[in-house]
file my_file_38.txt (compact mmCIF, N, CA and C atoms)
# COMPACT_ATOMS: atom_id res chain seq x y z
N MET A 23 0.85 -1.16 0.00
CA MET A 23 0.00 0.00 0.00
C MET A 23 0.91 1.24 0.00
N ARG A 24 0.63 2.19 -0.90
CA ARG A 24 1.41 3.43 -0.95
C ARG A 24 1.02 4.32 0.23
N CYS A 25 2.04 4.73 0.98
CA CYS A 25 1.81 5.55 2.16
C CYS A 25 2.83 6.68 2.22
N THR A 26 2.45 7.73 2.95
CA THR A 26 3.36 8.83 3.24
C THR A 26 3.72 8.73 4.71
N VAL A 27 5.01 8.84 5.01
CA VAL A 27 5.50 8.74 6.38
C VAL A 27 5.17 10.03 7.13
N LEU A 28 4.50 9.90 8.28
CA LEU A 28 4.15 11.05 9.11
C LEU A 28 5.13 11.24 10.26
N LYS A 29 5.66 10.10 10.77
CA LYS A 29 6.66 10.12 11.86
C LYS A 29 7.76 9.15 11.45
N PRO A 30 9.03 9.54 11.58
CA PRO A 30 10.13 8.65 11.19
C PRO A 30 10.10 7.35 12.01
N PHE A 31 10.45 6.24 11.33
CA PHE A 31 10.55 4.95 12.02
C PHE A 31 11.37 3.99 11.17
N PRO A 32 11.99 2.97 11.82
CA PRO A 32 12.75 1.96 11.06
C PRO A 32 11.78 0.96 10.43
N TYR A 33 12.05 0.57 9.18
CA TYR A 33 11.16 -0.34 8.48
C TYR A 33 11.99 -1.29 7.61
N ALA A 34 11.63 -2.57 7.66
CA ALA A 34 12.31 -3.58 6.84
C ALA A 34 11.30 -4.11 5.83
N ALA A 35 11.30 -3.55 4.65
CA ALA A 35 10.34 -3.93 3.62
C ALA A 35 10.47 -5.41 3.26
N ASP A 36 11.71 -5.92 3.26
CA ASP A 36 11.94 -7.32 2.92
C ASP A 36 11.99 -8.22 4.16
N GLY A 37 11.80 -7.61 5.34
CA GLY A 37 11.84 -8.37 6.58
C GLY A 37 13.25 -8.60 7.10
N ILE A 38 14.27 -8.10 6.37
CA ILE A 38 15.66 -8.32 6.79
C ILE A 38 16.42 -7.00 6.87
N HIS A 39 16.43 -6.25 5.79
CA HIS A 39 17.22 -5.02 5.70
C HIS A 39 16.40 -3.82 6.18
N VAL A 40 16.83 -3.23 7.29
CA VAL A 40 16.10 -2.11 7.89
C VAL A 40 16.56 -0.80 7.30
N GLU A 41 15.61 0.05 6.99
CA GLU A 41 15.93 1.42 6.58
C GLU A 41 15.11 2.37 7.44
N ASN A 42 15.67 3.51 7.72
CA ASN A 42 14.96 4.52 8.51
C ASN A 42 14.16 5.39 7.56
N LEU A 43 12.84 5.30 7.68
CA LEU A 43 11.96 6.10 6.83
C LEU A 43 11.79 7.48 7.43
N ALA A 44 12.00 8.50 6.62
CA ALA A 44 11.93 9.89 7.08
C ALA A 44 10.55 10.47 6.84
N GLU A 45 10.19 11.44 7.65
CA GLU A 45 8.91 12.13 7.52
C GLU A 45 8.78 12.72 6.11
N GLY A 46 7.60 12.54 5.51
CA GLY A 46 7.32 13.11 4.20
C GLY A 46 7.63 12.18 3.04
N VAL A 47 8.34 11.08 3.30
CA VAL A 47 8.70 10.12 2.24
C VAL A 47 7.48 9.30 1.88
N THR A 48 7.31 9.04 0.58
CA THR A 48 6.24 8.16 0.12
C THR A 48 6.87 6.82 -0.20
N CYS A 49 6.29 5.75 0.32
CA CYS A 49 6.86 4.42 0.12
C CYS A 49 5.77 3.36 0.09
N GLU A 50 6.16 2.16 -0.24
CA GLU A 50 5.25 1.02 -0.27
C GLU A 50 5.35 0.31 1.08
N ILE A 51 4.23 0.13 1.75
CA ILE A 51 4.18 -0.55 3.04
C ILE A 51 3.39 -1.84 2.86
N ALA A 52 3.84 -2.92 3.47
CA ALA A 52 3.16 -4.21 3.36
C ALA A 52 1.70 -4.08 3.81
N GLU A 53 0.80 -4.68 3.04
CA GLU A 53 -0.65 -4.60 3.31
C GLU A 53 -0.99 -5.01 4.75
N GLU A 54 -0.31 -6.03 5.28
CA GLU A 54 -0.64 -6.50 6.62
C GLU A 54 -0.11 -5.58 7.72
N LEU A 55 0.85 -4.71 7.41
CA LEU A 55 1.42 -3.79 8.40
C LEU A 55 0.78 -2.40 8.34
N ALA A 56 0.32 -2.01 7.18
CA ALA A 56 -0.19 -0.66 6.98
C ALA A 56 -1.30 -0.26 7.96
N PRO A 57 -2.33 -1.08 8.19
CA PRO A 57 -3.39 -0.65 9.11
C PRO A 57 -2.87 -0.28 10.51
N GLY A 58 -1.94 -1.05 11.04
CA GLY A 58 -1.39 -0.74 12.36
C GLY A 58 -0.56 0.53 12.35
N LEU A 59 0.24 0.72 11.30
CA LEU A 59 1.06 1.93 11.20
C LEU A 59 0.18 3.17 11.00
N ILE A 60 -0.91 3.01 10.29
CA ILE A 60 -1.85 4.12 10.09
C ILE A 60 -2.53 4.46 11.42
N ALA A 61 -2.99 3.42 12.12
CA ALA A 61 -3.68 3.62 13.40
C ALA A 61 -2.78 4.30 14.43
N GLU A 62 -1.50 4.00 14.41
CA GLU A 62 -0.55 4.58 15.37
C GLU A 62 0.00 5.93 14.90
N GLY A 63 -0.40 6.37 13.71
CA GLY A 63 -0.01 7.70 13.23
C GLY A 63 1.37 7.77 12.60
N PHE A 64 1.94 6.62 12.24
CA PHE A 64 3.26 6.64 11.60
C PHE A 64 3.16 6.95 10.11
N VAL A 65 2.10 6.47 9.46
CA VAL A 65 1.92 6.70 8.03
C VAL A 65 0.47 7.04 7.72
N ALA A 66 0.27 7.59 6.53
CA ALA A 66 -1.08 7.83 6.01
C ALA A 66 -1.11 7.33 4.59
N ARG A 67 -2.23 6.80 4.19
CA ARG A 67 -2.34 6.35 2.80
C ARG A 67 -2.18 7.53 1.87
N VAL A 68 -1.56 7.30 0.74
CA VAL A 68 -1.42 8.35 -0.26
C VAL A 68 -2.82 8.69 -0.77
N ALA A 69 -3.16 9.96 -0.70
CA ALA A 69 -4.52 10.40 -1.01
C ALA A 69 -4.99 9.92 -2.37
N ALA A 70 -4.12 9.93 -3.35
CA ALA A 70 -4.52 9.53 -4.70
C ALA A 70 -4.89 8.05 -4.77
N GLU A 71 -4.43 7.27 -3.80
CA GLU A 71 -4.69 5.84 -3.84
C GLU A 71 -5.83 5.42 -2.91
N VAL A 72 -6.35 6.35 -2.16
CA VAL A 72 -7.47 6.03 -1.28
C VAL A 72 -8.74 6.12 -2.13
N SER A 73 -9.50 5.08 -2.15
CA SER A 73 -10.71 5.10 -2.98
C SER A 73 -11.70 6.11 -2.42
N ALA A 74 -12.56 6.60 -3.28
CA ALA A 74 -13.57 7.57 -2.87
C ALA A 74 -14.47 6.98 -1.79
N GLU A 75 -14.76 5.71 -1.89
CA GLU A 75 -15.62 5.06 -0.90
C GLU A 75 -14.96 5.03 0.47
N VAL A 76 -13.69 4.68 0.52
CA VAL A 76 -12.96 4.65 1.80
C VAL A 76 -12.83 6.05 2.36
N ALA A 77 -12.49 7.01 1.51
CA ALA A 77 -12.35 8.39 1.97
C ALA A 77 -13.67 8.91 2.52
N ASP A 78 -14.77 8.57 1.85
CA ASP A 78 -16.08 9.02 2.32
C ASP A 78 -16.43 8.37 3.65
N ALA A 79 -16.15 7.08 3.79
CA ALA A 79 -16.43 6.38 5.05
C ALA A 79 -15.60 6.98 6.19
N GLU A 80 -14.35 7.30 5.92
CA GLU A 80 -13.50 7.91 6.94
C GLU A 80 -14.02 9.30 7.32
N ARG A 81 -14.46 10.07 6.34
CA ARG A 81 -15.00 11.40 6.60
C ARG A 81 -16.27 11.31 7.45
N VAL A 82 -17.14 10.38 7.10
CA VAL A 82 -18.39 10.20 7.85
C VAL A 82 -18.09 9.80 9.29
N ALA A 83 -17.15 8.88 9.48
CA ALA A 83 -16.79 8.44 10.83
C ALA A 83 -16.19 9.59 11.64
N ARG A 84 -15.34 10.38 11.00
CA ARG A 84 -14.72 11.53 11.67
C ARG A 84 -15.78 12.57 12.06
N GLU A 85 -16.69 12.87 11.13
CA GLU A 85 -17.76 13.84 11.42
C GLU A 85 -18.67 13.34 12.53
N LYS A 86 -18.96 12.04 12.52
CA LYS A 86 -19.81 11.47 13.57
C LYS A 86 -19.13 11.60 14.93
N ALA A 87 -17.83 11.29 14.98
CA ALA A 87 -17.09 11.41 16.24
C ALA A 87 -17.05 12.86 16.72
N GLU A 88 -16.83 13.80 15.79
CA GLU A 88 -16.81 15.22 16.15
C GLU A 88 -18.17 15.67 16.66
N THR A 89 -19.23 15.23 16.01
CA THR A 89 -20.58 15.59 16.43
C THR A 89 -20.89 15.02 17.81
N GLU A 90 -20.54 13.75 18.03
CA GLU A 90 -20.78 13.13 19.33
C GLU A 90 -20.01 13.86 20.43
N ALA A 91 -18.77 14.25 20.14
CA ALA A 91 -17.97 14.97 21.13
C ALA A 91 -18.58 16.35 21.42
N ARG A 92 -19.04 17.02 20.36
CA ARG A 92 -19.66 18.35 20.53
C ARG A 92 -20.94 18.23 21.36
N LEU A 93 -21.76 17.22 21.06
CA LEU A 93 -23.00 17.03 21.81
C LEU A 93 -22.73 16.64 23.26
N ALA A 94 -21.71 15.84 23.47
CA ALA A 94 -21.35 15.46 24.85
C ALA A 94 -20.91 16.69 25.63
N ALA A 95 -20.13 17.56 24.98
CA ALA A 95 -19.68 18.79 25.66
C ALA A 95 -20.89 19.68 25.96
N ARG A 96 -21.82 19.77 25.03
CA ARG A 96 -23.02 20.59 25.25
C ARG A 96 -23.86 20.00 26.38
N GLY A 97 -23.92 18.68 26.43
CA GLY A 97 -24.69 18.01 27.47
C GLY A 97 -24.14 18.26 28.86
N ALA A 98 -22.85 18.60 28.94
CA ALA A 98 -22.22 18.85 30.24
C ALA A 98 -22.50 20.27 30.74
N VAL A 99 -22.99 21.13 29.84
CA VAL A 99 -23.29 22.51 30.23
C VAL A 99 -24.59 22.52 31.04
N VAL A 100 -24.54 23.11 32.21
CA VAL A 100 -25.74 23.20 33.06
C VAL A 100 -26.60 24.36 32.59
N ILE A 101 -27.86 24.05 32.30
CA ILE A 101 -28.82 25.08 31.94
C ILE A 101 -29.68 25.34 33.18
N PRO A 102 -29.54 26.50 33.79
CA PRO A 102 -30.30 26.77 35.01
C PRO A 102 -31.80 26.92 34.71
N ASP A 103 -32.59 26.60 35.72
CA ASP A 103 -34.04 26.78 35.57
C ASP A 103 -34.37 28.25 35.34
N GLU A 104 -33.71 29.11 36.10
CA GLU A 104 -33.88 30.56 35.96
C GLU A 104 -32.77 31.08 35.07
N LEU A 105 -33.10 31.50 33.87
CA LEU A 105 -32.09 31.98 32.93
C LEU A 105 -31.63 33.39 33.31
N PRO A 106 -30.37 33.70 32.97
CA PRO A 106 -29.88 35.06 33.24
C PRO A 106 -30.73 36.08 32.50
N THR A 107 -30.79 37.27 33.04
CA THR A 107 -31.57 38.33 32.39
C THR A 107 -30.69 39.24 31.55
N LYS A 108 -29.41 39.34 31.91
CA LYS A 108 -28.49 40.18 31.15
C LYS A 108 -28.08 39.45 29.87
N PHE A 109 -28.08 40.18 28.75
CA PHE A 109 -27.76 39.57 27.46
C PHE A 109 -26.39 38.93 27.45
N ASP A 110 -25.37 39.59 28.01
CA ASP A 110 -24.01 39.03 28.00
C ASP A 110 -23.96 37.66 28.68
N GLU A 111 -24.65 37.53 29.81
CA GLU A 111 -24.68 36.26 30.53
C GLU A 111 -25.48 35.21 29.77
N LEU A 112 -26.57 35.63 29.17
CA LEU A 112 -27.41 34.73 28.38
C LEU A 112 -26.65 34.25 27.15
N ARG A 113 -25.95 35.18 26.51
CA ARG A 113 -25.15 34.84 25.33
C ARG A 113 -24.03 33.88 25.70
N GLU A 114 -23.37 34.11 26.84
CA GLU A 114 -22.28 33.25 27.29
C GLU A 114 -22.77 31.80 27.45
N LEU A 115 -23.97 31.63 27.95
CA LEU A 115 -24.56 30.30 28.08
C LEU A 115 -24.89 29.73 26.70
N ALA A 116 -25.54 30.53 25.88
CA ALA A 116 -26.03 30.05 24.57
C ALA A 116 -24.91 29.62 23.64
N VAL A 117 -23.78 30.34 23.62
CA VAL A 117 -22.70 29.98 22.69
C VAL A 117 -22.10 28.61 23.02
N GLN A 118 -22.30 28.15 24.24
CA GLN A 118 -21.82 26.83 24.62
C GLN A 118 -22.75 25.72 24.12
N LEU A 119 -23.92 26.11 23.63
CA LEU A 119 -24.95 25.14 23.27
C LEU A 119 -25.25 25.05 21.78
N THR A 120 -24.59 25.86 20.97
CA THR A 120 -24.89 25.87 19.54
C THR A 120 -23.67 26.28 18.73
N ASP A 121 -23.71 25.94 17.45
CA ASP A 121 -22.68 26.40 16.51
C ASP A 121 -23.13 27.66 15.79
N GLU A 122 -24.41 28.01 15.97
CA GLU A 122 -24.96 29.18 15.31
C GLU A 122 -24.51 30.46 16.02
N PRO A 123 -24.36 31.55 15.27
CA PRO A 123 -23.98 32.81 15.92
C PRO A 123 -25.13 33.34 16.79
N ILE A 124 -24.78 33.90 17.92
CA ILE A 124 -25.77 34.47 18.83
C ILE A 124 -25.63 35.99 18.74
N LYS A 125 -26.58 36.62 18.05
CA LYS A 125 -26.52 38.06 17.83
C LYS A 125 -27.53 38.83 18.65
N SER A 126 -28.51 38.11 19.19
CA SER A 126 -29.57 38.80 19.94
C SER A 126 -30.04 37.92 21.09
N LYS A 127 -30.83 38.53 21.96
CA LYS A 127 -31.41 37.79 23.08
C LYS A 127 -32.30 36.68 22.53
N ASP A 128 -33.01 36.97 21.45
CA ASP A 128 -33.88 35.98 20.82
C ASP A 128 -33.07 34.77 20.33
N ASP A 129 -31.92 35.03 19.69
CA ASP A 129 -31.04 33.94 19.24
C ASP A 129 -30.60 33.08 20.42
N ALA A 130 -30.24 33.74 21.52
CA ALA A 130 -29.77 33.03 22.71
C ALA A 130 -30.89 32.15 23.27
N LEU A 131 -32.07 32.70 23.39
CA LEU A 131 -33.20 31.93 23.93
C LEU A 131 -33.55 30.74 23.04
N LYS A 132 -33.49 30.93 21.72
CA LYS A 132 -33.78 29.83 20.79
C LYS A 132 -32.75 28.71 20.94
N ALA A 133 -31.47 29.08 21.07
CA ALA A 133 -30.41 28.08 21.24
C ALA A 133 -30.59 27.29 22.53
N ILE A 134 -30.93 27.99 23.59
CA ILE A 134 -31.12 27.33 24.88
C ILE A 134 -32.34 26.40 24.84
N GLU A 135 -33.42 26.87 24.26
CA GLU A 135 -34.63 26.03 24.15
C GLU A 135 -34.39 24.83 23.25
N ALA A 136 -33.63 25.01 22.18
CA ALA A 136 -33.32 23.89 21.29
C ALA A 136 -32.51 22.83 22.03
N GLU A 137 -31.56 23.27 22.85
CA GLU A 137 -30.75 22.31 23.62
C GLU A 137 -31.60 21.63 24.68
N ARG A 138 -32.48 22.37 25.33
CA ARG A 138 -33.39 21.74 26.31
C ARG A 138 -34.24 20.67 25.62
N ALA A 139 -34.75 20.97 24.43
CA ALA A 139 -35.58 20.02 23.69
C ALA A 139 -34.76 18.80 23.25
N ARG A 140 -33.49 19.02 22.87
CA ARG A 140 -32.62 17.90 22.48
C ARG A 140 -32.40 16.97 23.67
N ARG A 141 -32.20 17.55 24.84
CA ARG A 141 -31.96 16.75 26.03
C ARG A 141 -33.22 16.03 26.50
N ASN A 142 -34.36 16.67 26.32
CA ASN A 142 -35.62 16.10 26.78
C ASN A 142 -36.66 16.30 25.69
N PRO A 143 -36.77 15.36 24.75
CA PRO A 143 -37.69 15.53 23.61
C PRO A 143 -39.15 15.70 24.02
N THR A 144 -39.52 15.29 25.21
CA THR A 144 -40.91 15.44 25.64
C THR A 144 -41.19 16.83 26.19
N LEU A 145 -40.12 17.62 26.37
CA LEU A 145 -40.26 18.96 26.91
C LEU A 145 -40.85 19.87 25.83
N LEU A 146 -41.96 20.50 26.15
CA LEU A 146 -42.58 21.44 25.21
C LEU A 146 -42.06 22.82 25.47
N SER A 147 -41.58 23.48 24.42
CA SER A 147 -41.09 24.84 24.59
C SER A 147 -42.28 25.80 24.64
N PRO A 148 -42.18 26.84 25.47
CA PRO A 148 -43.29 27.80 25.55
C PRO A 148 -43.44 28.57 24.25
N THR A 149 -44.68 28.78 23.86
CA THR A 149 -44.93 29.54 22.62
C THR A 149 -45.72 30.79 22.90

call {"tool": "encode", "arguments": {"input": "my_file_38.txt", "output": "structure tokens"}}
result
Amino acid sequence: MRCTVLKPFPYAADGIHVENLAEGVTCEIAEELAPGLIAEGFVARVAAEVSAEVADAERVAREKAETEARLAARGAVVIPDELPTKFDELRELAVQLTDEPIKSKDDALKAIEAERARRNPTLLSPT
């Protein structure tokens, strides 16, 4: 498998003669070794050789992990029963709960209510 070296390491392509692979070098890595070296961050597959399907699957997995981490972080934010009345304090809370820009008190309240609804789908927002 064609790979680019991300971190230098010794490698014996033939199993006997060791060479020190330098960062940035593109080389052929044995198919049975490549997954472990990729997982440990020593090499990356050459982009031109990664199929569109594999690249898409990796992107989807990465986005899913990022989304789960973002939602977990949002879930750790305490939303008080009594919301702050000052816009700065309300905005400070709201920006922790959304990726959307908070430009007004209305934006802040919508973000907070959306997060409350995400946490408790049976919760009805006041209208």

call {"tool": "atom_distance", "arguments": {"input": "my_file_38.txt", "atom1": "atom N of Val99 (chain A)", "atom2": "atom C of Glu114 (chain A)"}}
result
10.9 Å

call {"tool": "residues_around", "arguments": {"input": "my_file_38.txt", "residues": "region 134-145 of chain A", "least_positions_apart": "5", "cutoff": "7 Å", "atoms": "all atoms listed in the file", "output": "mmCIF file with N, CA and C atoms, keeping the file's coordinate frame"}}
result
data_model
loop_
_atom_site.group_PDB
_atom_site.id
_atom_site.type_symbol
_atom_site.label_atom_id
_atom_site.label_comp_id
_atom_site.auth_asym_id
_atom_site.auth_seq_id
_atom_site.Cartn_x
_atom_site.Cartn_y
_atom_site.Cartn_z
ATOM 1 N N LEU A 115 -23.970 31.630 27.950
ATOM 2 C CA LEU A 115 -24.560 30.300 28.080
ATOM 3 C C LEU A 115 -24.890 29.730 26.700
ATOM 4 N N ALA A 116 -25.540 30.530 25.880
ATOM 5 C CA ALA A 116 -26.030 30.050 24.570
ATOM 6 C C ALA A 116 -24.910 29.620 23.640
ATOM 7 N N LEU A 119 -23.920 26.110 23.630
ATOM 8 C CA LEU A 119 -24.950 25.140 23.270
ATOM 9 C C LEU A 119 -25.250 25.050 21.780
ATOM 10 N N ASP A 129 -31.920 35.030 19.690
ATOM 11 C CA ASP A 129 -31.040 33.940 19.240
ATOM 12 C C ASP A 129 -30.600 33.080 20.420
#

call {"tool": "atom_distance", "arguments": {"input": "my_file_38.txt", "atom1": "CA of Lys127 (chain A)", "atom2": "CA of Ala95 (chain A)"}}
result
22.5 Å

call {"tool": "atom_distance", "arguments": {"input": "my_file_38.txt", "atom1": "CA of Leu59 (chain A)", "atom2": "CA of Gly46 (chain A)"}}
result
14.6 Å

call {"tool": "select_by_dssp", "arguments": {"input": "my_file_38.txt", "residues": "chain A", "states": "strand (DSSP E)", "output": "PyMOL selection string"}}
result
chain A and resi 24-27+31-33+41-43+48-50+65-67

call {"tool": "closest_residue", "arguments": {"input": "my_file_38.txt", "among": "A:Leu55, A:Asp110, A:Thr48, A:Pro123", "to": "Ala34 (chain A)", "atoms": "only C-alpha atoms"}}
result
A:Leu55

call {"tool": "residues_around", "arguments": {"input": "my_file_38.txt", "residues": "region 24-29 of chain A", "least_positions_apart": "5", "cutoff": "7 Å", "atoms": "all atoms listed in the file", "output": "PyMOL selection string"}}
result
chain A and resi 43-51+63-68
